[in-house]
file start.cif (mmCIF, C-alpha atoms)
data_query
#
loop_
_atom_site.group_PDB
_atom_site.id
_atom_site.type_symbol
_atom_site.label_atom_id
_atom_site.label_comp_id
_atom_site.auth_asym_id
_atom_site.auth_seq_id
_atom_site.Cartn_x
_atom_site.Cartn_y
_atom_site.Cartn_z
ATOM 1 C CA MET A 1 0.000 0.000 0.000
ATOM 2 C CA ARG A 2 1.402 3.394 -1.016
ATOM 3 C CA VAL A 3 0.826 6.170 1.526
ATOM 4 C CA THR A 4 3.350 8.714 0.275
ATOM 5 C CA GLN A 5 0.798 11.531 0.014
ATOM 6 C CA LEU A 6 -0.936 10.644 3.295
ATOM 7 C CA ARG A 7 2.290 11.109 5.232
ATOM 8 C CA GLN A 8 2.281 14.745 4.163
ATOM 9 C CA ALA A 9 -1.434 15.372 4.712
ATOM 10 C CA ASP A 10 -3.302 16.830 7.682
ATOM 11 C CA LEU A 11 -6.428 14.691 7.773
ATOM 12 C CA ASN A 12 -8.179 17.208 10.046
ATOM 13 C CA LEU A 13 -8.401 19.436 6.983
ATOM 14 C CA LEU A 14 -10.764 16.911 5.399
ATOM 15 C CA ILE A 15 -13.215 17.405 8.250
ATOM 16 C CA VAL A 16 -13.061 21.168 7.755
ATOM 17 C CA PHE A 17 -13.680 20.675 4.038
ATOM 18 C CA THR A 18 -16.670 18.404 4.641
ATOM 19 C CA VAL A 19 -18.369 20.860 6.994
ATOM 20 C CA LEU A 20 -17.600 23.838 4.752
ATOM 21 C CA ALA A 21 -18.956 21.960 1.718
ATOM 22 C CA GLU A 22 -22.162 21.191 3.647
ATOM 23 C CA GLU A 23 -22.682 24.702 4.997
ATOM 24 C CA ARG A 24 -21.395 26.627 1.924
ATOM 25 C CA ASN A 25 -20.633 29.436 4.384
ATOM 26 C CA VAL A 26 -17.474 30.140 6.407
ATOM 27 C CA THR A 27 -19.334 31.625 9.387
ATOM 28 C CA ARG A 28 -21.664 28.639 9.811
ATOM 29 C CA ALA A 29 -18.853 26.161 9.206
ATOM 30 C CA ALA A 30 -16.678 27.882 11.818
ATOM 31 C CA ALA A 31 -19.500 27.705 14.369
ATOM 32 C CA ARG A 32 -19.988 23.957 13.796
ATOM 33 C CA LEU A 33 -16.245 23.306 14.008
ATOM 34 C CA PHE A 34 -15.661 25.558 17.041
ATOM 35 C CA LEU A 35 -13.017 27.421 15.049
ATOM 36 C CA SER A 36 -12.544 31.052 14.117
ATOM 37 C CA GLN A 37 -13.499 32.213 10.633
ATOM 38 C CA PRO A 38 -9.865 33.031 9.752
ATOM 39 C CA ALA A 39 -8.855 29.497 10.820
ATOM 40 C CA VAL A 40 -11.445 27.995 8.477
ATOM 41 C CA SER A 41 -10.298 30.251 5.634
ATOM 42 C CA ARG A 42 -6.666 29.238 6.213
ATOM 43 C CA ALA A 43 -7.670 25.569 6.255
ATOM 44 C CA LEU A 44 -9.452 26.020 2.916
ATOM 45 C CA GLN A 45 -6.317 27.536 1.401
ATOM 46 C CA ARG A 46 -4.212 24.636 2.671
ATOM 47 C CA LEU A 47 -6.722 22.209 1.153
ATOM 48 C CA ARG A 48 -6.480 24.016 -2.172
ATOM 49 C CA ASP A 49 -2.717 23.725 -2.042
ATOM 50 C CA MET A 50 -2.953 20.045 -1.086
ATOM 51 C CA PHE A 51 -5.279 19.133 -3.963
ATOM 52 C CA HIS A 52 -4.005 21.694 -6.488
ATOM 53 C CA ASP A 53 -7.571 22.845 -7.065
ATOM 54 C CA ASP A 54 -9.903 25.590 -5.796
ATOM 55 C CA LEU A 55 -12.279 22.877 -4.451
ATOM 56 C CA LEU A 56 -14.876 25.469 -3.338
ATOM 57 C CA ILE A 57 -15.630 28.680 -5.212
ATOM 58 C CA ARG A 58 -17.474 31.660 -3.715
ATOM 59 C CA THR A 59 -20.753 32.494 -5.504
ATOM 60 C CA ALA A 60 -23.787 34.654 -4.760
ATOM 61 C CA ASN A 61 -25.383 31.626 -3.088
ATOM 62 C CA GLY A 62 -22.344 30.679 -1.016
ATOM 63 C CA TYR A 63 -19.468 28.333 -1.747
ATOM 64 C CA GLU A 64 -20.017 25.868 -4.590
ATOM 65 C CA PRO A 65 -17.743 22.851 -5.227
ATOM 66 C CA THR A 66 -15.630 22.542 -8.330
ATOM 67 C CA PRO A 67 -15.855 19.194 -10.179
ATOM 68 C CA LYS A 68 -12.873 17.951 -8.172
ATOM 69 C CA GLY A 69 -14.411 19.337 -5.007
ATOM 70 C CA GLN A 70 -17.671 17.497 -5.726
ATOM 71 C CA ARG A 71 -15.829 14.218 -6.209
ATOM 72 C CA LEU A 72 -14.035 14.810 -2.909
ATOM 73 C CA VAL A 73 -17.364 15.495 -1.176
ATOM 74 C CA GLN A 74 -18.756 12.193 -2.466
ATOM 75 C CA ASP A 75 -15.670 10.188 -1.493
ATOM 76 C CA LEU A 76 -15.464 11.681 1.993
ATOM 77 C CA ALA A 77 -19.178 11.007 2.608
ATOM 78 C CA THR A 78 -18.281 7.319 2.578
ATOM 79 C CA MET A 79 -14.766 7.342 3.991
ATOM 80 C CA LEU A 80 -15.008 9.663 7.008
ATOM 81 C CA PRO A 81 -17.860 7.824 8.804
ATOM 82 C CA ARG A 82 -16.052 4.524 8.304
ATOM 83 C CA LEU A 83 -12.831 5.946 9.733
ATOM 84 C CA ASP A 84 -14.709 7.486 12.652
ATOM 85 C CA ARG A 85 -16.442 4.221 13.506
ATOM 86 C CA LEU A 86 -13.189 2.283 13.110
ATOM 87 C CA MET A 87 -11.403 4.595 15.550
ATOM 88 C CA ALA A 88 -14.280 4.726 18.031
ATOM 89 C CA GLY A 89 -14.956 0.996 18.034
ATOM 90 C CA GLY A 90 -17.968 -0.753 19.517
ATOM 91 C CA ASP A 91 -21.671 -0.011 19.219
ATOM 92 C CA PHE A 92 -23.564 3.080 20.264
ATOM 93 C CA ASP A 93 -24.694 2.928 23.910
ATOM 94 C CA PRO A 94 -27.669 5.253 24.561
ATOM 95 C CA SER A 95 -27.260 4.894 28.325
ATOM 96 C CA THR A 96 -23.776 6.440 28.347
ATOM 97 C CA GLU A 97 -23.452 8.501 25.150
ATOM 98 C CA ASP A 98 -25.119 11.869 24.585
ATOM 99 C CA ALA A 99 -27.003 12.174 21.317
ATOM 100 C CA THR A 100 -29.775 14.342 19.907
ATOM 101 C CA PHE A 101 -31.539 12.955 16.862
ATOM 102 C CA ARG A 102 -33.403 15.500 14.752
ATOM 103 C CA ILE A 103 -36.188 13.883 12.732
ATOM 104 C CA ALA A 104 -38.527 15.543 10.234
ATOM 105 C CA ALA A 105 -41.815 13.666 9.997
ATOM 106 C CA THR A 106 -45.441 13.939 9.013
ATOM 107 C CA ASP A 107 -47.895 14.372 11.867
ATOM 108 C CA HIS A 108 -49.218 10.894 11.081
ATOM 109 C CA ALA A 109 -45.807 9.220 11.382
ATOM 110 C CA ALA A 110 -45.001 11.142 14.557
ATOM 111 C CA HIS A 111 -48.368 10.246 16.074
ATOM 112 C CA LEU A 112 -47.706 6.564 15.546
ATOM 113 C CA LEU A 113 -43.993 6.397 16.318
ATOM 114 C CA VAL A 114 -43.456 8.812 19.201
ATOM 115 C CA PRO A 115 -45.442 6.825 21.815
ATOM 116 C CA LEU A 116 -43.553 3.663 20.854
ATOM 117 C CA LEU A 117 -40.182 5.423 21.130
ATOM 118 C CA CYS A 118 -41.176 6.837 24.512
ATOM 119 C CA ASN A 119 -42.042 3.367 25.770
ATOM 120 C CA SER A 120 -39.118 1.468 24.259
ATOM 121 C CA VAL A 121 -36.308 4.007 24.651
ATOM 122 C CA LEU A 122 -37.101 6.961 26.886
ATOM 123 C CA SER A 123 -38.629 4.800 29.614
ATOM 124 C CA ASN A 124 -35.114 3.450 30.282
ATOM 125 C CA PRO A 125 -32.093 5.397 31.601
ATOM 126 C CA THR A 126 -30.816 7.136 28.498
ATOM 127 C CA LYS A 127 -28.852 10.189 27.383
ATOM 128 C CA VAL A 128 -30.680 10.346 24.052
ATOM 129 C CA ASP A 129 -33.034 13.115 22.953
ATOM 130 C CA PHE A 130 -35.435 13.021 20.010
ATOM 131 C CA SER A 131 -36.393 16.268 18.306
ATOM 132 C CA PHE A 132 -39.315 15.891 15.877
ATOM 133 C CA VAL A 133 -39.945 18.730 13.438
ATOM 134 C CA PRO A 134 -42.519 19.105 10.623
ATOM 135 C CA LEU A 135 -41.634 18.250 7.065
ATOM 136 C CA HIS A 136 -40.574 21.302 5.077
ATOM 137 C CA ALA A 137 -39.320 22.253 1.642
ATOM 138 C CA GLY A 138 -35.649 22.065 2.640
ATOM 139 C CA GLN A 139 -35.771 18.701 4.421
ATOM 140 C CA TYR A 140 -33.478 16.823 2.028
ATOM 141 C CA GLU A 141 -30.992 19.685 1.908
ATOM 142 C CA ALA A 142 -31.026 19.593 5.712
ATOM 143 C CA LEU A 143 -30.147 15.887 5.581
ATOM 144 C CA GLU A 144 -27.255 16.616 3.244
ATOM 145 C CA LYS A 145 -25.959 19.388 5.522
ATOM 146 C CA GLY A 146 -26.253 17.366 8.721
ATOM 147 C CA ARG A 147 -29.088 19.414 10.213
ATOM 148 C CA LEU A 148 -31.386 16.379 10.254
ATOM 149 C CA GLU A 149 -30.637 12.728 10.956
ATOM 150 C CA LEU A 150 -33.798 11.246 9.424
ATOM 151 C CA VAL A 151 -36.832 12.147 7.348
ATOM 152 C CA LEU A 152 -39.990 10.038 7.764
ATOM 153 C CA ASN A 153 -42.264 10.422 4.784
ATOM 154 C CA ALA A 154 -44.344 8.613 2.188
ATOM 155 C CA ASP A 155 -42.201 6.701 -0.261
ATOM 156 C CA HIS A 156 -41.362 8.683 -3.376
ATOM 157 C CA ASP A 157 -38.369 9.627 -5.466
ATOM 158 C CA THR A 158 -35.913 11.527 -3.261
ATOM 159 C CA SER A 159 -34.234 12.768 -6.463
ATOM 160 C CA THR A 160 -30.674 12.450 -5.173
ATOM 161 C CA PHE A 161 -28.291 9.510 -5.184
ATOM 162 C CA GLN A 162 -26.774 10.641 -1.863
ATOM 163 C CA LEU A 163 -29.862 9.620 0.133
ATOM 164 C CA SER A 164 -30.817 6.123 1.286
ATOM 165 C CA LYS A 165 -34.248 4.908 2.326
ATOM 166 C CA GLU A 166 -35.913 1.923 3.965
ATOM 167 C CA VAL A 167 -39.591 1.020 4.307
ATOM 168 C CA ILE A 168 -40.750 1.014 7.927
ATOM 169 C CA PHE A 169 -44.490 0.368 7.608
ATOM 170 C CA GLU A 170 -47.363 0.465 5.128
ATOM 171 C CA VAL A 171 -50.495 2.588 5.300
ATOM 172 C CA ASP A 172 -53.941 1.874 3.887
ATOM 173 C CA PHE A 173 -56.927 4.188 3.802
ATOM 174 C CA VAL A 174 -60.469 4.109 5.151
ATOM 175 C CA CYS A 175 -63.369 6.497 4.778
ATOM 176 C CA VAL A 176 -64.608 8.333 7.861
ATOM 177 C CA VAL A 177 -68.140 9.726 7.852
ATOM 178 C CA SER A 178 -70.526 11.151 10.397
ATOM 179 C CA ARG A 179 -72.686 8.751 12.384
ATOM 180 C CA LYS A 180 -75.620 10.490 10.683
ATOM 181 C CA SER A 181 -74.213 9.931 7.194
ATOM 182 C CA LYS A 182 -76.257 8.113 4.559
ATOM 183 C CA PHE A 183 -73.228 5.836 4.030
ATOM 184 C CA GLU A 184 -73.475 2.847 6.338
ATOM 185 C CA ARG A 185 -71.371 0.177 4.612
ATOM 186 C CA ALA A 186 -68.277 -0.024 2.454
ATOM 187 C CA ILE A 187 -68.242 2.752 -0.135
ATOM 188 C CA THR A 188 -68.033 1.841 -3.797
ATOM 189 C CA LEU A 189 -65.869 3.724 -6.233
ATOM 190 C CA LYS A 190 -68.959 5.195 -7.911
ATOM 191 C CA GLN A 191 -70.283 6.442 -4.561
ATOM 192 C CA TYR A 192 -66.850 7.763 -3.613
ATOM 193 C CA LEU A 193 -66.476 9.783 -6.811
ATOM 194 C CA ALA A 194 -69.988 11.208 -6.524
ATOM 195 C CA ALA A 195 -69.682 12.203 -2.851
ATOM 196 C CA GLU A 196 -68.466 15.415 -1.296
ATOM 197 C CA HIS A 197 -65.247 15.149 0.695
ATOM 198 C CA VAL A 198 -63.471 16.651 3.653
ATOM 199 C CA ALA A 199 -60.384 18.586 2.516
ATOM 200 C CA VAL A 200 -57.619 18.657 5.102
ATOM 201 C CA ASP A 201 -54.750 20.269 3.194
ATOM 202 C CA ILE A 202 -53.357 23.474 4.600
ATOM 203 C CA ILE A 203 -52.847 25.881 1.695
ATOM 204 C CA GLY A 204 -51.228 29.203 2.446
ATOM 205 C CA GLY A 205 -51.965 28.784 6.142
ATOM 206 C CA VAL A 206 -55.741 28.502 5.587
ATOM 207 C CA GLN A 207 -57.569 25.253 6.226
ATOM 208 C CA THR A 208 -60.094 24.333 3.568
ATOM 209 C CA HIS A 209 -63.686 23.627 4.575
ATOM 210 C CA PRO A 210 -64.926 20.181 5.674
ATOM 211 C CA ASP A 211 -67.870 18.357 4.134
ATOM 212 C CA MET A 212 -68.896 14.672 3.969
ATOM 213 C CA ILE A 213 -66.229 11.957 3.546
ATOM 214 C CA ALA A 214 -62.716 12.063 5.011
ATOM 215 C CA THR A 215 -60.204 9.675 3.452
ATOM 216 C CA VAL A 216 -57.576 9.073 6.115
ATOM 217 C CA PRO A 217 -55.004 6.449 7.126
ATOM 218 C CA ARG A 218 -56.704 3.556 8.894
ATOM 219 C CA ARG A 219 -54.624 3.801 12.078
ATOM 220 C CA MET A 220 -55.370 7.514 12.383
ATOM 221 C CA ALA A 221 -59.104 6.852 12.040
ATOM 222 C CA LEU A 222 -59.013 4.145 14.700
ATOM 223 C CA LEU A 223 -57.600 6.611 17.219
ATOM 224 C CA GLU A 224 -60.851 8.574 17.059
ATOM 225 C CA ALA A 225 -63.171 5.559 16.907
ATOM 226 C CA PRO A 226 -63.881 5.425 20.680
ATOM 227 C CA LYS A 227 -65.539 8.873 20.521
ATOM 228 C CA LYS A 228 -68.389 7.272 18.535
ATOM 229 C CA VAL A 229 -69.221 10.448 16.621
ATOM 230 C CA THR A 230 -68.013 9.045 13.336
ATOM 231 C CA ARG A 231 -68.300 5.816 11.385
ATOM 232 C CA ILE A 232 -65.324 4.075 9.727
ATOM 233 C CA LEU A 233 -66.076 2.454 6.382
ATOM 234 C CA GLU A 234 -63.994 0.544 3.898
ATOM 235 C CA GLY A 235 -63.271 2.653 0.850
ATOM 236 C CA PRO A 236 -62.997 1.554 -2.770
ATOM 237 C CA ALA A 237 -60.014 -0.682 -3.545
ATOM 238 C CA ALA A 238 -58.734 1.971 -5.960
ATOM 239 C CA LEU A 239 -57.583 4.037 -2.985
ATOM 240 C CA GLY A 240 -54.730 1.572 -2.569
ATOM 241 C CA SER A 241 -52.010 2.094 0.024
ATOM 242 C CA PHE A 242 -48.565 3.606 0.367
ATOM 243 C CA LYS A 243 -45.356 2.883 2.224
ATOM 244 C CA TYR A 244 -43.716 5.025 4.873
ATOM 245 C CA VAL A 245 -39.941 5.196 4.657
ATOM 246 C CA MET A 246 -37.105 6.553 6.716
ATOM 247 C CA ILE A 247 -34.609 8.524 4.625
ATOM 248 C CA TRP A 248 -31.028 9.406 5.550
ATOM 249 C CA HIS A 249 -27.806 10.646 3.992
ATOM 250 C CA GLN A 250 -25.402 7.947 2.853
ATOM 251 C CA ARG A 251 -22.549 9.358 4.898
ATOM 252 C CA MET A 252 -24.434 8.159 7.999
ATOM 253 C CA GLN A 253 -24.714 4.602 6.706
ATOM 254 C CA THR A 254 -22.030 3.148 9.015
ATOM 255 C CA ASP A 255 -22.237 5.684 11.851
ATOM 256 C CA ALA A 256 -22.822 3.665 15.042
ATOM 257 C CA ALA A 257 -25.306 6.112 16.590
ATOM 258 C CA HIS A 258 -27.253 6.422 13.360
ATOM 259 C CA MET A 259 -27.344 2.653 12.919
ATOM 260 C CA TRP A 260 -28.847 2.437 16.414
ATOM 261 C CA LEU A 261 -31.411 5.117 15.525
ATOM 262 C CA ARG A 262 -32.459 3.281 12.376
ATOM 263 C CA SER A 263 -32.747 0.011 14.303
ATOM 264 C CA ILE A 264 -35.217 1.434 16.849
ATOM 265 C CA ILE A 265 -37.266 3.156 14.138
ATOM 266 C CA ARG A 266 -37.287 -0.167 12.268
ATOM 267 C CA GLU A 267 -38.522 -2.015 15.381
ATOM 268 C CA ALA A 268 -41.199 0.623 16.018
ATOM 269 C CA GLY A 269 -42.347 0.207 12.410
ATOM 270 C CA LYS A 270 -42.660 -3.547 12.935
ATOM 271 C CA ALA A 271 -44.746 -2.944 16.055
ATOM 272 C CA ILE A 272 -47.063 -0.622 14.091
ATOM 273 C CA SER A 273 -47.411 -3.198 11.310
ATOM 274 C CA THR A 274 -48.585 -5.897 13.741
ATOM 275 C CA LYS A 275 -51.373 -3.792 15.184
#
call {"tool": "encode", "arguments": {"input": "start.cif", "output": "structure tokens"}}
result
Amino acid sequence: MRVTQLRQADLNLLIVFTVLAEERNVTRAAARLFLSQPAVSRALQRLRDMFHDDLLIRTANGYEPTPKGQRLVQDLATMLPRLDRLMAGGDFDPSTEDATFRIAATDHAAHLLVPLLCNSVLSNPTKVDFSFVPLHAGQYEALEKGRLELVLNADHDTSTFQLSKEVIFEVDFVCVVSRKSKFERAITLKQYLAAEHVAVDIIGGVQTHPDMIATVPRRMALLEAPKKVTRILEGPAALGSFKYVMIWHQRMQTDAAHMWLRSIIREAGKAISTK
């Protein structure tokens, strides 16, 4: 194995580069690294000298990687977590290691998963915190920049090869109507298309008006069933179902703490699926 170049390299510079490439801003990168802004700027210059390339170029939208810089970003996303885990050794221990996991999720996913996590994890002595936040337009960028650990969402194209995903449970739909509704049994597709429906989207901060049929995930409907003010009916088969997935950045693939996080989300998903 030839390590001629490694002998001359300061590997700490690669960590600076990774954070700066994620933040695209010297001030934010310096804050994450607990360094001064001049120190980060000097590190960037040393990296440029090391790789004989600008690596990151200042633009109106912040630093953007050069082609060589982008290749370095992709390589380090795989290599640095493996090196970190190799040096740390062992598995993540939530009873002795501090960790805060930031998770963006739909209200439905949070409603189902949070009680299970509270019972299985937070009921035991632990130094782990979970921070659930709503889904938002920048959720996948936040994953790439390390501001989120996981996104829990319906399965769809994440449109970037740097993200990984895994199915955690499947959701089917039912139709919820008033106890006074004319619908008393399973609703056919013809009836469904002809009926008026409850609209629950929030558009521009304004909730649209409710009407007759609400099409909702089965488990969400069952939570309200004991109140006996509504009736749950099977909807037309055409409604189908969809899968919930957890999504993460590939650089976290072999991180011990993140592997632990994915394992407990996976187990919670199994518990939901058996209900």
call {"tool": "resolve_selection", "arguments": {"input": "start.cif", "expression": "the PyMOL selection byres ((chain A and resi 103) around 10)", "output": "JSON, numbers by chain"}}
result
{"A": [100, 101, 102, 104, 105, 106, 110, 130, 131, 132, 133, 134, 135, 139, 143, 147, 148, 149, 150, 151, 152, 246, 247, 248]}
call {"tool": "closest_residue", "arguments": {"input": "start.cif", "among": "A:Ile232, A:Met252, A:Ala214, A:Leu83", "to": "Arg185 in chain A", "atoms": "only C-alpha atoms"}}
result
A:Ile232
call {"tool": "resolve_selection", "arguments": {"input": "start.cif", "expression": "the PyMOL selection byres ((chain A and resi 37-48) around 10)", "output": "PyMOL selection string"}}
result
chain A and resi 9-10+12-14+16-17+20+25-31+33-36+49-56+69
call {"tool": "write_last_selection", "arguments": {"input": "start.cif", "atoms": "C-alpha atoms", "output": "mmCIF file, keeping the file's coordinate frame"}}
result
data_model
loop_
_atom_site.group_PDB
_atom_site.id
_atom_site.type_symbol
_atom_site.label_atom_id
_atom_site.label_comp_id
_atom_site.auth_asym_id
_atom_site.auth_seq_id
_atom_site.Cartn_x
_atom_site.Cartn_y
_atom_site.Cartn_z
ATOM 1 C CA ALA A 9 -1.434 15.372 4.712
ATOM 2 C CA ASP A 10 -3.302 16.830 7.682
ATOM 3 C CA ASN A 12 -8.179 17.208 10.046
ATOM 4 C CA LEU A 13 -8.401 19.436 6.983
ATOM 5 C CA LEU A 14 -10.764 16.911 5.399
ATOM 6 C CA VAL A 16 -13.061 21.168 7.755
ATOM 7 C CA PHE A 17 -13.680 20.675 4.038
ATOM 8 C CA LEU A 20 -17.600 23.838 4.752
ATOM 9 C CA ASN A 25 -20.633 29.436 4.384
ATOM 10 C CA VAL A 26 -17.474 30.140 6.407
ATOM 11 C CA THR A 27 -19.334 31.625 9.387
ATOM 12 C CA ARG A 28 -21.664 28.639 9.811
ATOM 13 C CA ALA A 29 -18.853 26.161 9.206
ATOM 14 C CA ALA A 30 -16.678 27.882 11.818
ATOM 15 C CA ALA A 31 -19.500 27.705 14.369
ATOM 16 C CA LEU A 33 -16.245 23.306 14.008
ATOM 17 C CA PHE A 34 -15.661 25.558 17.041
ATOM 18 C CA LEU A 35 -13.017 27.421 15.049
ATOM 19 C CA SER A 36 -12.544 31.052 14.117
ATOM 20 C CA ASP A 49 -2.717 23.725 -2.042
ATOM 21 C CA MET A 50 -2.953 20.045 -1.086
ATOM 22 C CA PHE A 51 -5.279 19.133 -3.963
ATOM 23 C CA HIS A 52 -4.005 21.694 -6.488
ATOM 24 C CA ASP A 53 -7.571 22.845 -7.065
ATOM 25 C CA ASP A 54 -9.903 25.590 -5.796
ATOM 26 C CA LEU A 55 -12.279 22.877 -4.451
ATOM 27 C CA LEU A 56 -14.876 25.469 -3.338
ATOM 28 C CA GLY A 69 -14.411 19.337 -5.007
#
call {"tool": "resolve_selection", "arguments": {"input": "start.cif", "expression": "the PyMOL selection byres ((chain A and resi 254-258) around 6)", "output": "mmCIF file with C-alpha atoms, in the coordinates of the input"}}
result
data_model
loop_
_atom_site.group_PDB
_atom_site.id
_atom_site.type_symbol
_atom_site.label_atom_id
_atom_site.label_comp_id
_atom_site.auth_asym_id
_atom_site.auth_seq_id
_atom_site.Cartn_x
_atom_site.Cartn_y
_atom_site.Cartn_z
ATOM 1 C CA PRO A 81 -17.860 7.824 8.804
ATOM 2 C CA ASP A 91 -21.671 -0.011 19.219
ATOM 3 C CA PHE A 92 -23.564 3.080 20.264
ATOM 4 C CA MET A 252 -24.434 8.159 7.999
ATOM 5 C CA GLN A 253 -24.714 4.602 6.706
ATOM 6 C CA MET A 259 -27.344 2.653 12.919
ATOM 7 C CA TRP A 260 -28.847 2.437 16.414
ATOM 8 C CA LEU A 261 -31.411 5.117 15.525
#
call {"tool": "atom_distance", "arguments": {"input": "start.cif", "atom1": "CA of Leu222 in chain A", "atom2": "CA of Thr188 in chain A"}}
result
20.7 Å
call {"tool": "closest_residue", "arguments": {"input": "start.cif", "among": "A:Gly235, A:Pro67, A:Gly269, A:Pro115", "to": "Val174 in chain A", "atoms": "only C-alpha atoms"}}
result
A:Gly235
call {"tool": "closest_residue", "arguments": {"input": "start.cif", "among": "A:Asn119, A:Thr215, A:Gln191, A:Thr126", "to": "Asp98 in chain A", "atoms": "only C-alpha atoms"}}
result
A:Thr126
call {"tool": "residues_around", "arguments": {"input": "start.cif", "residues": "Lys182 in chain A", "least_positions_apart": "5", "cutoff": "12 Å", "atoms": "all atoms listed in the file", "output": "list in words"}}
result
Val177, Ile187, Gln191, Ala195, Met212, Ile213, Arg231 and Leu233 of chain A
call {"tool": "atom_distance", "arguments": {"input": "start.cif", "atom1": "CA of Phe173 in chain A", "atom2": "CA of Val121 in chain A"}}
result
29.3 Å
call {"tool": "closest_residue", "arguments": {"input": "start.cif", "among": "A:Ser263, A:Thr274, A:Ser241, A:Asn124", "to": "Thr96 in chain A", "atoms": "all atoms listed in the file"}}
result
A:Asn124
call {"tool": "atom_distance", "arguments": {"input": "start.cif", "atom1": "CA of Glu144 in chain A", "atom2": "CA of His249 in chain A"}}
result
6.0 Å
call {"tool": "residues_around", "arguments": {"input": "start.cif", "residues": "Val171 in chain A", "least_positions_apart": "4", "cutoff": "7 Å", "atoms": "all atoms listed in the file", "output": "ChimeraX atom specification"}}
result
/A:217,241-243
